[in-house]
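Asker: What follows is a structure written as structure tokens; I'll ask about it next.
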Amino acid sequence: MATATNLPADAAKARARVSRPAVPPRGNRKAGGDRTRISAPLTGLLWLIVAIYALPLLWFLLSSFKPGSELFSYPLSMIPREWTFQGFVDAWERVDFAKYFLNTATVALVTTVLTVFFSACTGYALAKYNNKGTRLFFVCILATTMLPTEVILNPTFTVIRDLGLYNSLAGIIVPSVLTATGVFMFRQFFLTVPDDLLHSARIDGASELTIFFRIMLPLSRPILFTLAIFSFQWRWNDYIWPLIVLNDPKWYTLQVALRSIVGAENIDWPVLLGASVISILPLVLVFSVFQKYVLNADVSAGLKD
């Protein structure tokens with residue numbers, strides 16, 4: 001009976017112990033405070049760097065809404081005193097944006113798709129097939145990144161001319177299909193994929209193409225979208241190579257066409273700024289849509305511990 005009468009009191013004490021919030025040790029509280037004191041200056045430094053990089057971009061965007069007489073008036077001001085869209089209107093009327101957008105979009109999209117596909121194939125082969133000379137071939141691919149662009153322009157142009165691709169969009173696309181950066185990104189990612197996953201698929205009767213398209217490519221989706229964003233940006237902003245290859249204005253890309261706005265003696269700055277802002281809108285749209293897909297992949301999916 002004495003034990004029975006003590007049961008409610010014991011239950012109340014147990015509930016009190018469960019509901020009582022855990023008090024972290026003094027060492028943990030001190031470590032948390034140290035982390036807070038360290039992270040605050042670092043966060044402030046990062047915001048300062050963001051402001052330094054964002055200031056020129058913000059000035060560029062706001063200047064596109066200024067009339068020509070206000071761009072170089074003193075004192076300079078970031079906020080337009082008189083907002084106007086005339087620069088965008090004049091740029092759209094002076095430059096055939098529909099044609100140049102189509103040319104640039106064709107080059108950027110086709111090159112991006114081919115770059116991602118061939119880079120993934122090459123990276124997979126270099127990561128999962130240990131043939132003789134594989135590492136040497138990979139080192140040769142990486143060595144191409146050490147060459148300045150000016151060094152390879154002449155031989156690349158000679159090859160394109162001899163293939164009959166001069167003054168065509170194909171002449172811009174073909175040399176840009178395979179990049180050392182894309183091969184490196186895919187190879188390094190595929191090295192992290194366990195070989196047991198591939199062995200299990202082969203035991204189940206999957207062919208090499210099935211393994212690549214149904215297992216490896218879905219796992220590499222973060223690398224795929226990252227390289228796609230970079231490749232689209234590279235090809236959209238490319239200026240030197242299209243300027244060398246293209247001679248007919250009907251094949252001009254947008255960046256080459258914008259060069260026609262710049263005169264020999266004077267520059268129509270409102271038109272140039274308006275056209276430049278319009279030209280970067282597709283890049284902002286592509287990045288905004290696809291950045292959410294750049295996530296970490298679960299390469300251990302389908303494997304038992």
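Residues are referred to by chain and number: the chain letter is A, B, ... according to the order shown in the structure tokens, the number counts from 1 in that chain, and ligands are numbered separately from 1 in the order shown.
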Could you pull the residues within 12 Å of Ala170 in chain A, counting only C-alpha atoms, minus those fewer than 3 positions along the same chain, as a PyMOL selection string?
Answerer: chain A and resi 103-104+106-108+110-111+160-161+163-167+173-177+242+245-246+251
Asker: DSSP on the backbone: what in range 30-254 of chain A comes out helix (DSSP H, G or I), as a PyMOL selection string?
Answerer: chain A and resi 30-63+68-71+86-94+97-128+134-146+149-162+169-176+180-191+195-203+208-219+221-237+240-245+249-251+254
Asker: Identify, on the basis of only C-alpha atoms, every residue whose closest approach to Thr226 in chain A does not exceed 12 Å; exclude the query and any residue fewer than 4 positions from it along the same chain; express the result as a PyMOL selection string.
Answerer: chain A and resi 112+115-116+181-182+185-186+220-222+230-233+286-287+290-296
Asker: Would you put the residues from that selection into a file with N, CA, C and O atoms, as a short mmCIF file (atom, residue, chain, number, x, y, z; two decimals), in the first residue's frame?
Answerer:
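Below is the file that was written, out_20.cif:
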```cif
data_model
loop_
_atom_site.label_atom_id
_atom_site.label_comp_id
_atom_site.auth_asym_id
_atom_site.auth_seq_id
_atom_site.Cartn_x
_atom_site.Cartn_y
_atom_site.Cartn_z
N THR A 112 24.61 24.31 -75.84
CA THR A 112 24.44 23.88 -74.45
C THR A 112 24.03 22.41 -74.38
O THR A 112 24.58 21.63 -73.59
N THR A 115 27.02 20.31 -75.47
CA THR A 115 28.08 20.39 -74.47
C THR A 115 27.78 19.51 -73.27
O THR A 115 28.64 18.75 -72.79
N VAL A 116 26.56 19.58 -72.77
CA VAL A 116 26.18 18.78 -71.60
C VAL A 116 26.24 17.29 -71.95
O VAL A 116 26.77 16.48 -71.16
N THR A 181 36.16 22.14 -68.93
CA THR A 181 35.48 22.38 -67.65
C THR A 181 34.33 21.40 -67.45
O THR A 181 34.16 20.84 -66.36
N GLY A 182 33.52 21.18 -68.50
CA GLY A 182 32.41 20.24 -68.39
C GLY A 182 32.88 18.82 -68.16
O GLY A 182 32.30 18.08 -67.33
N MET A 185 34.03 18.50 -64.53
CA MET A 185 32.92 18.50 -63.57
C MET A 185 32.24 17.14 -63.53
O MET A 185 31.97 16.59 -62.44
N PHE A 186 31.94 16.56 -64.69
CA PHE A 186 31.25 15.27 -64.72
C PHE A 186 32.16 14.15 -64.23
O PHE A 186 31.69 13.24 -63.52
N SER A 220 23.40 12.75 -61.87
CA SER A 220 24.24 13.93 -62.12
C SER A 220 23.43 15.17 -62.47
O SER A 220 23.98 16.11 -63.06
N ARG A 221 22.16 15.19 -62.13
CA ARG A 221 21.32 16.34 -62.47
C ARG A 221 21.86 17.66 -61.93
O ARG A 221 21.83 18.67 -62.64
N PRO A 222 22.41 17.72 -60.70
CA PRO A 222 22.97 19.02 -60.26
C PRO A 222 24.11 19.50 -61.16
O PRO A 222 24.17 20.68 -61.51
N PHE A 230 26.04 27.57 -67.06
CA PHE A 230 27.32 28.17 -67.45
C PHE A 230 27.49 28.19 -68.97
O PHE A 230 27.91 29.20 -69.55
N SER A 231 27.17 27.07 -69.62
CA SER A 231 27.35 26.99 -71.07
C SER A 231 26.44 27.97 -71.79
O SER A 231 26.87 28.63 -72.75
N PHE A 232 25.21 28.07 -71.36
CA PHE A 232 24.29 29.02 -71.99
C PHE A 232 24.80 30.45 -71.83
O PHE A 232 24.74 31.25 -72.76
N GLN A 233 25.31 30.75 -70.65
CA GLN A 233 25.85 32.09 -70.41
C GLN A 233 27.08 32.34 -71.28
O GLN A 233 27.22 33.42 -71.86
N VAL A 286 16.89 32.43 -67.49
CA VAL A 286 17.41 31.07 -67.43
C VAL A 286 17.94 30.75 -66.04
O VAL A 286 17.65 29.68 -65.47
N PHE A 287 18.70 31.67 -65.47
CA PHE A 287 19.25 31.42 -64.14
C PHE A 287 18.15 31.34 -63.09
O PHE A 287 18.20 30.50 -62.18
N PHE A 290 16.31 27.79 -63.49
CA PHE A 290 17.03 26.54 -63.31
C PHE A 290 17.92 26.51 -62.07
O PHE A 290 18.49 25.47 -61.77
N GLN A 291 18.05 27.60 -61.35
CA GLN A 291 18.93 27.57 -60.19
C GLN A 291 18.40 26.65 -59.09
O GLN A 291 19.19 26.09 -58.31
N LYS A 292 17.08 26.44 -59.03
CA LYS A 292 16.53 25.58 -57.99
C LYS A 292 16.87 24.12 -58.20
O LYS A 292 16.75 23.30 -57.28
N TYR A 293 17.29 23.75 -59.43
CA TYR A 293 17.64 22.37 -59.71
C TYR A 293 19.09 22.06 -59.36
O TYR A 293 19.51 20.90 -59.44
N VAL A 294 19.87 23.07 -59.02
CA VAL A 294 21.26 22.84 -58.66
C VAL A 294 21.30 22.43 -57.19
O VAL A 294 21.49 23.25 -56.29
N LEU A 295 21.06 21.17 -56.93
CA LEU A 295 20.98 20.62 -55.58
C LEU A 295 21.97 19.48 -55.45
O LEU A 295 22.51 18.97 -56.44
N ASN A 296 22.16 19.04 -54.23
CA ASN A 296 23.01 17.87 -53.99
C ASN A 296 22.28 16.61 -54.37
O ASN A 296 21.08 16.45 -54.11
#
```
Asker: Of the candidates A:Ile38, A:Leu209, A:Leu147, A:Leu109, which one gets nearest to Ile229 in chain A if we count only C-alpha atoms?
Answerer: A:Leu109
Asker: Could you list, as a list of chain:residue names, every residue within 7 Å of Val256 in chain A, counting only C-alpha atoms and ignoring same-chain residues fewer than 4 positions away?
Answerer: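 My list of contacting residues is A:Tyr239, A:Leu243, A:Tyr252.
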Asker: Considering only C-alpha atoms, can you say which of A:Ser279, A:Thr179, A:Ser39, A:Ser207 comes closest to Phe117 in chain A?
Answerer: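 Going through A:Ser279, A:Thr179, A:Ser39, A:Ser207 one by one, the smallest distance to Phe117 in chain A is for A:Thr179.
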Asker: Find the residues near Lys66 in chain A: any atom within 12 Å, counting only C-alpha atoms, skip ones fewer than 4 places away on the same chain, and give them as a ChimeraX atom specification.
Answerer: /A:59-62,70-73,76-88,269-271,273-274
Asker: Go ahead and dump the residues you just picked, C-alpha atoms, as a PDB file, in the first residue's frame.
Answerer:
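New file part38.pdb:
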```pdb
ATOM      1  CA  TRP A  59      24.286  51.884 -61.734  1.00  0.00           C
ATOM      2  CA  PHE A  60      24.149  50.245 -65.179  1.00  0.00           C
ATOM      3  CA  LEU A  61      20.482  49.270 -64.833  1.00  0.00           C
ATOM      4  CA  LEU A  62      19.377  52.672 -63.538  1.00  0.00           C
ATOM      5  CA  GLU A  70      21.603  63.227 -67.817  1.00  0.00           C
ATOM      6  CA  LEU A  71      24.152  60.430 -68.216  1.00  0.00           C
ATOM      7  CA  PHE A  72      27.203  62.672 -67.935  1.00  0.00           C
ATOM      8  CA  SER A  73      25.699  65.674 -66.164  1.00  0.00           C
ATOM      9  CA  LEU A  76      26.407  62.412 -61.086  1.00  0.00           C
ATOM     10  CA  SER A  77      23.421  60.679 -59.533  1.00  0.00           C
ATOM     11  CA  MET A  78      22.493  57.024 -59.402  1.00  0.00           C
ATOM     12  CA  ILE A  79      18.721  57.585 -59.366  1.00  0.00           C
ATOM     13  CA  PRO A  80      17.428  59.086 -62.625  1.00  0.00           C
ATOM     14  CA  ARG A  81      16.049  62.595 -62.220  1.00  0.00           C
ATOM     15  CA  GLU A  82      13.855  62.013 -65.262  1.00  0.00           C
ATOM     16  CA  TRP A  83      12.748  58.436 -65.955  1.00  0.00           C
ATOM     17  CA  THR A  84      12.439  57.524 -69.626  1.00  0.00           C
ATOM     18  CA  PHE A  85      12.069  54.370 -71.735  1.00  0.00           C
ATOM     19  CA  GLN A  86      13.151  56.060 -74.946  1.00  0.00           C
ATOM     20  CA  GLY A  87      16.492  54.239 -74.949  1.00  0.00           C
ATOM     21  CA  PHE A  88      14.732  50.856 -74.998  1.00  0.00           C
ATOM     22  CA  TRP A 269      24.759  55.716 -74.909  1.00  0.00           C
ATOM     23  CA  PRO A 270      20.993  55.592 -74.193  1.00  0.00           C
ATOM     24  CA  VAL A 271      20.480  53.185 -77.111  1.00  0.00           C
ATOM     25  CA  LEU A 273      22.445  50.835 -72.522  1.00  0.00           C
ATOM     26  CA  GLY A 274      18.856  49.959 -73.437  1.00  0.00           C
TER      27      GLY A 274
END
```
Asker: Have a look at CA of Lys128 in chain A and CA of Phe225 in chain A and let me know their distance in Å, one decimal.
Answerer: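 Computed distance, CA of Lys128 in chain A to CA of Phe225 in chain A, equals 21.4 Å.
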Asker: Leaving out Tyr124 in chain A and any residue of its chain fewer than 6 positions from it, which residues lie within 10 Å of it when counting only C-alpha atoms, given as a PyMOL selection string?
Answerer: chain A and resi 118+183+186-191+212+216-217
Asker: Let me see the file: selected residues, all heavy atoms, as a short mmCIF file (atom, residue, chain, number, x, y, z; two decimals), in the first residue's frame.
Answerer:
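out_17.cif, freshly written:
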```
data_model
loop_
_atom_site.label_atom_id
_atom_site.label_comp_id
_atom_site.auth_asym_id
_atom_site.auth_seq_id
_atom_site.Cartn_x
_atom_site.Cartn_y
_atom_site.Cartn_z
N PHE A 118 27.92 15.56 -74.46
CA PHE A 118 29.25 15.03 -74.74
C PHE A 118 30.16 15.14 -73.52
O PHE A 118 31.04 14.27 -73.31
CB PHE A 118 29.86 15.74 -75.94
CG PHE A 118 29.25 15.36 -77.26
CD1 PHE A 118 28.55 16.26 -78.01
CD2 PHE A 118 29.39 14.06 -77.73
CE1 PHE A 118 27.97 15.90 -79.22
CE2 PHE A 118 28.82 13.68 -78.94
CZ PHE A 118 28.11 14.61 -79.69
N VAL A 183 33.91 18.40 -68.87
CA VAL A 183 34.45 17.05 -68.68
C VAL A 183 34.97 16.88 -67.26
O VAL A 183 34.72 15.84 -66.61
CB VAL A 183 35.57 16.77 -69.71
CG1 VAL A 183 36.24 15.44 -69.42
CG2 VAL A 183 35.00 16.78 -71.12
N PHE A 186 31.94 16.56 -64.69
CA PHE A 186 31.25 15.27 -64.72
C PHE A 186 32.16 14.15 -64.23
O PHE A 186 31.69 13.24 -63.52
CB PHE A 186 30.75 14.97 -66.13
CG PHE A 186 29.42 15.57 -66.44
CD1 PHE A 186 29.31 16.70 -67.22
CD2 PHE A 186 28.25 15.02 -65.94
CE1 PHE A 186 28.08 17.27 -67.50
CE2 PHE A 186 27.01 15.57 -66.21
CZ PHE A 186 26.92 16.70 -67.00
N ARG A 187 33.42 14.18 -64.62
CA ARG A 187 34.33 13.11 -64.16
C ARG A 187 34.44 13.12 -62.65
O ARG A 187 34.36 12.05 -62.01
CB ARG A 187 35.70 13.28 -64.79
CG ARG A 187 36.71 12.23 -64.32
CD ARG A 187 38.09 12.50 -64.85
NE ARG A 187 39.05 11.51 -64.39
CZ ARG A 187 39.73 11.57 -63.25
NH1 ARG A 187 39.56 12.63 -62.45
NH2 ARG A 187 40.58 10.62 -62.89
N GLN A 188 34.63 14.27 -62.05
CA GLN A 188 34.78 14.34 -60.60
C GLN A 188 33.50 13.89 -59.90
O GLN A 188 33.55 13.28 -58.83
CB GLN A 188 35.15 15.76 -60.17
CG GLN A 188 36.50 16.22 -60.69
CD GLN A 188 37.61 15.27 -60.31
OE1 GLN A 188 38.19 14.62 -61.18
NE2 GLN A 188 37.91 15.17 -59.02
N PHE A 189 32.35 14.18 -60.50
CA PHE A 189 31.10 13.74 -59.86
C PHE A 189 30.92 12.23 -60.00
O PHE A 189 30.55 11.56 -59.03
CB PHE A 189 29.91 14.46 -60.48
CG PHE A 189 28.58 14.00 -59.95
CD1 PHE A 189 28.10 14.48 -58.75
CD2 PHE A 189 27.83 13.06 -60.63
CE1 PHE A 189 26.89 14.04 -58.24
CE2 PHE A 189 26.61 12.62 -60.13
CZ PHE A 189 26.14 13.11 -58.93
N PHE A 190 31.17 11.69 -61.18
CA PHE A 190 30.97 10.25 -61.39
C PHE A 190 31.94 9.42 -60.56
O PHE A 190 31.65 8.26 -60.26
CB PHE A 190 31.13 9.91 -62.88
CG PHE A 190 29.97 10.36 -63.72
CD1 PHE A 190 30.17 10.88 -64.99
CD2 PHE A 190 28.67 10.27 -63.25
CE1 PHE A 190 29.11 11.30 -65.77
CE2 PHE A 190 27.59 10.68 -64.02
CZ PHE A 190 27.81 11.20 -65.28
N LEU A 191 33.09 9.98 -60.20
CA LEU A 191 34.00 9.26 -59.32
C LEU A 191 33.40 9.04 -57.94
O LEU A 191 33.78 8.08 -57.24
CB LEU A 191 35.32 10.03 -59.19
CG LEU A 191 36.27 9.99 -60.39
CD1 LEU A 191 37.48 10.88 -60.13
CD2 LEU A 191 36.71 8.57 -60.70
N PHE A 212 23.92 4.34 -68.20
CA PHE A 212 24.30 5.74 -68.35
C PHE A 212 23.08 6.66 -68.37
O PHE A 212 23.05 7.67 -67.66
CB PHE A 212 25.11 5.92 -69.64
CG PHE A 212 25.49 7.35 -69.93
CD1 PHE A 212 26.44 7.99 -69.15
CD2 PHE A 212 24.89 8.05 -70.95
CE1 PHE A 212 26.79 9.32 -69.40
CE2 PHE A 212 25.23 9.37 -71.21
CZ PHE A 212 26.19 10.00 -70.44
N MET A 216 23.09 7.06 -64.28
CA MET A 216 24.14 8.05 -64.09
C MET A 216 23.67 9.47 -64.40
O MET A 216 23.94 10.40 -63.64
CB MET A 216 25.35 7.69 -64.94
CG MET A 216 25.92 6.31 -64.65
SD MET A 216 26.42 6.11 -62.92
CE MET A 216 27.90 7.09 -62.87
N LEU A 217 22.98 9.64 -65.52
CA LEU A 217 22.52 10.99 -65.86
C LEU A 217 21.53 11.55 -64.84
O LEU A 217 21.65 12.72 -64.45
CB LEU A 217 21.92 11.01 -67.26
CG LEU A 217 22.89 11.20 -68.43
CD1 LEU A 217 22.13 11.34 -69.74
CD2 LEU A 217 23.78 12.42 -68.22
#
```
Asker: Return the single residue from A:Leu46, A:Ala120, A:Leu102, A:Ile244 that is closest to Phe213 in chain A, with distances computed using only C-alpha atoms.
Answerer: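 Of A:Leu46, A:Ala120, A:Leu102, A:Ile244, the one nearest Phe213 in chain A, counting only C-alpha atoms, is A:Ala120.
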